[in-house]
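Enquirer: Got a structure for you, written out below as structure tokens; questions coming shortly.
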Amino acid sequence: MLSTLLTVLPIFALILVGWLARRLGALGPHATTELNRFVVWLALPALLFDVMAKANWSELWQPGFIAAFAIGGLVVFALTVAGRLLRGAPLPDAAVDGLNTAYPNTGYMGFPLGVLALGPGAVGPVTLAMILTVCGIFGVGIVCIEIGLRTEKGRGSVAVKVAKALGKNPLLVAPALGALVSLSGLSLPAPAETFLKLLGEAASPCALVALGLFLAADRTAAPVSNSLCSLYVLAKLVVQPVVTWVLAALVFQLPSSLTIIATLLAALPTGTGPFMLAEYYNREASMTARVILISTVLSVLTVSGYLAWVL
């Protein structure tokens, strides 16, 4: 539990820094939006491009692991979206809520906890899970949001508008270009790698500071349903890892080490991706902020319990 607590403490510290900066007046009322735009347009695309450009697909190609982790996340995402649509929510809001329940914090928490569980051998699966999360599940969420925002009648018109919007979205274009670099066999010059590393490493801390700024702001927002929030946290911390374990252990019959790491990564709390999209697309972000906070706090218990059980 101590190891898990030490892993999540920096997350809370960065959120607290943002909260204090807003409360003390160090950053103004527009800081949340502008900092989030910096993450969406610069820092996160640089990180996604760098990850994809450096990916060694021959080493990362593990079909069973890919299927178990990706399907586990997409099942929870689809169930959440379907449930929200049945309750009358717009598709963009339903997509953000789907990410609330299916977007694990693989980038920030995956590597330290994965290495803690399985040693250096966990680096490959964690890298693969991060790619699947930030490029796969995240990409599906963006597509759903863009489709929902284009409400004009006529499939052709909607399809063209969605395609244009996706083609201009840096969170989809950047990893696609990075994948092309990787598949071409080209290597980036050292200055370019340094540039991408410096810019990309700003994505997670800036997103967490932006979350703190959002939580500290005085605003009029729709009340957050405690029952719905609890359901999202339950889906993230319990349902997604259980579905992933069933797929990994029973359906694809992965080795125990891969089953453990796939389930562990699926059990991580909600990352900052859904919050960035909620802010970027001007959706109500209060629910997302609360899910991130509560799932991160509770993950100290759930993840520690899982590690104690399997190790």
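Residues are named by chain letter and number: chains run A, B, ... in the order of the structure tokens, numbers start at 1 in each chain, and ligands are numbered from 1 in the order shown.
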Find the spatial neighbours of Gly64 of chain A, counting only C-alpha atoms, within a cut-off of 9 Å - ignore same-chain residues fewer than 2 positions away - and output them as a PyMOL selection string.
Expert: chain A and resi 62+66-69+247-248+252-254
Enquirer: Which residues come within 12 Å of Ala89 of chain A, counting only C-alpha atoms, excluding same-chain residues fewer than 6 positions away, as a count of residues only?
Expert: 11
Enquirer: Using only C-alpha atoms, which residue out of A:Met130, A:Leu177, A:Ala13, A:Val242 lies closest to Phe49 of chain A?
Expert: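 Nearest to Phe49 of chain A: A:Leu177.
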Enquirer: Go through A:Pro90, A:Leu20, A:Arg150, A:Ala176 and flag the residue nearest Val162 of chain A, using only C-alpha atoms for the distances.
Expert: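 Result for the nearest residue to Val162 of chain A: A:Arg150.
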Enquirer: When DSSP is applied to the backbone of this structure, which of segment 174-215 of chain A are assigned alpha helix (DSSP H)? Write them out as a PyMOL selection string.
Expert: chain A and resi 174-184+190-200+203-215
Enquirer: Quick one: everything within 8 Å of Ala203 of chain A, counting only C-alpha atoms, minus sequence neighbours fewer than 2 positions away in the same chain. Send it as number ranges by chain.
Expert: A: 39, 43-44, 47, 199-201, 205-207
Enquirer: Could you turn the residues from that selection into a file that holds N, CA and C atoms, as a PDB file, in the first residue's frame?
Expert:
ATOM      1  N   VAL A  39      -2.060  21.811 -23.405  1.00  0.00           N
ATOM      2  CA  VAL A  39      -1.909  20.355 -23.346  1.00  0.00           C
ATOM      3  C   VAL A  39      -2.451  19.710 -24.612  1.00  0.00           C
ATOM      4  N   ALA A  43       1.493  19.851 -25.906  1.00  0.00           N
ATOM      5  CA  ALA A  43       2.189  18.868 -25.079  1.00  0.00           C
ATOM      6  C   ALA A  43       1.753  17.432 -25.362  1.00  0.00           C
ATOM      7  N   LEU A  44       0.448  17.173 -25.330  1.00  0.00           N
ATOM      8  CA  LEU A  44      -0.022  15.804 -25.542  1.00  0.00           C
ATOM      9  C   LEU A  44       0.241  15.309 -26.966  1.00  0.00           C
ATOM     10  N   LEU A  47       3.766  14.191 -27.033  1.00  0.00           N
ATOM     11  CA  LEU A  47       3.936  12.918 -26.333  1.00  0.00           C
ATOM     12  C   LEU A  47       3.441  11.756 -27.181  1.00  0.00           C
ATOM     13  N   LEU A 199       8.663  18.741 -24.467  1.00  0.00           N
ATOM     14  CA  LEU A 199       7.281  19.202 -24.617  1.00  0.00           C
ATOM     15  C   LEU A 199       6.296  18.139 -24.143  1.00  0.00           C
ATOM     16  N   GLY A 200       6.547  16.883 -24.492  1.00  0.00           N
ATOM     17  CA  GLY A 200       5.631  15.811 -24.127  1.00  0.00           C
ATOM     18  C   GLY A 200       5.550  15.565 -22.634  1.00  0.00           C
ATOM     19  N   GLU A 201       6.666  15.727 -21.946  1.00  0.00           N
ATOM     20  CA  GLU A 201       6.665  15.485 -20.501  1.00  0.00           C
ATOM     21  C   GLU A 201       5.847  16.522 -19.743  1.00  0.00           C
ATOM     22  N   PRO A 205       1.663  16.702 -16.036  1.00  0.00           N
ATOM     23  CA  PRO A 205       1.624  17.684 -14.943  1.00  0.00           C
ATOM     24  C   PRO A 205       0.749  18.888 -15.246  1.00  0.00           C
ATOM     25  N   CYS A 206       0.777  19.379 -16.473  1.00  0.00           N
ATOM     26  CA  CYS A 206      -0.055  20.537 -16.814  1.00  0.00           C
ATOM     27  C   CYS A 206      -1.534  20.184 -16.756  1.00  0.00           C
ATOM     28  N   ALA A 207      -1.898  18.972 -17.189  1.00  0.00           N
ATOM     29  CA  ALA A 207      -3.293  18.547 -17.128  1.00  0.00           C
ATOM     30  C   ALA A 207      -3.758  18.444 -15.682  1.00  0.00           C
TER      31      ALA A 207
END
Enquirer: Which segment 253-288 of chain A residues have any atom within 12 Å of an atom of segment 26-35 of chain A, and for each, what is the nearest pair of atoms with distance in Å to one decimal, counting only C-alpha atoms, rows sorted by chain and number, as JSON lines?
Expert:
{"residue": "A:Phe275", "atom": "CA", "partner": "A:Thr32", "partner_atom": "CA", "distance": 11.1}
{"residue": "A:Met276", "atom": "CA", "partner": "A:Thr33", "partner_atom": "CA", "distance": 9.4}
{"residue": "A:Leu277", "atom": "CA", "partner": "A:Thr33", "partner_atom": "CA", "distance": 11.1}
{"residue": "A:Ala278", "atom": "CA", "partner": "A:Thr33", "partner_atom": "CA", "distance": 10.6}
{"residue": "A:Glu279", "atom": "CA", "partner": "A:Thr33", "partner_atom": "CA", "distance": 6.8}
{"residue": "A:Tyr280", "atom": "CA", "partner": "A:Thr33", "partner_atom": "CA", "distance": 7.5}
{"residue": "A:Tyr281", "atom": "CA", "partner": "A:Thr33", "partner_atom": "CA", "distance": 10.4}
{"residue": "A:Asn282", "atom": "CA", "partner": "A:Thr33", "partner_atom": "CA", "distance": 9.4}
{"residue": "A:Ala285", "atom": "CA", "partner": "A:Thr32", "partner_atom": "CA", "distance": 11.5}
Enquirer: Between A:Thr244, A:Ser299, A:Thr133, A:Asn169, which residue has the minimum interatomic distance to Leu113 of chain A, considering only C-alpha atoms?
Expert: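 The shortest atom-to-atom distance to Leu113 of chain A comes from A:Ser299.
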Enquirer: Pull the closest atom pair for each residue of segment 33-77 of chain A that gets at most 9 Å from segment 185-193 of chain A, along with the distance in Å to one decimal, counting only C-alpha atoms, ordering rows by chain and then ascending residue number, as a tab-separated table.
Expert:
residue	atom	partner	partner_atom	distance
A:Asp50	CA	A:Glu193	CA	7.6
A:Ala53	CA	A:Ser187	CA	8.1
A:Lys54	CA	A:Ser187	CA	8.2
Enquirer: Print the selection's residues with C-alpha atoms to a file, as a compact mmCIF listing (two decimals), in the first residue's frame.
Expert:
# COMPACT_ATOMS: atom_id res chain seq x y z
CA ASP A 50 7.04 10.51 -29.64
CA ALA A 53 7.52 7.12 -33.46
CA LYS A 54 9.66 5.13 -31.02
Enquirer: Which of these, A:Ala308, A:Cys135, A:Val115, A:Val123, has the shortest distance to Leu60 of chain A once you count only C-alpha atoms?
Expert: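 For Leu60 of chain A, the nearest of the given residues is A:Val123.
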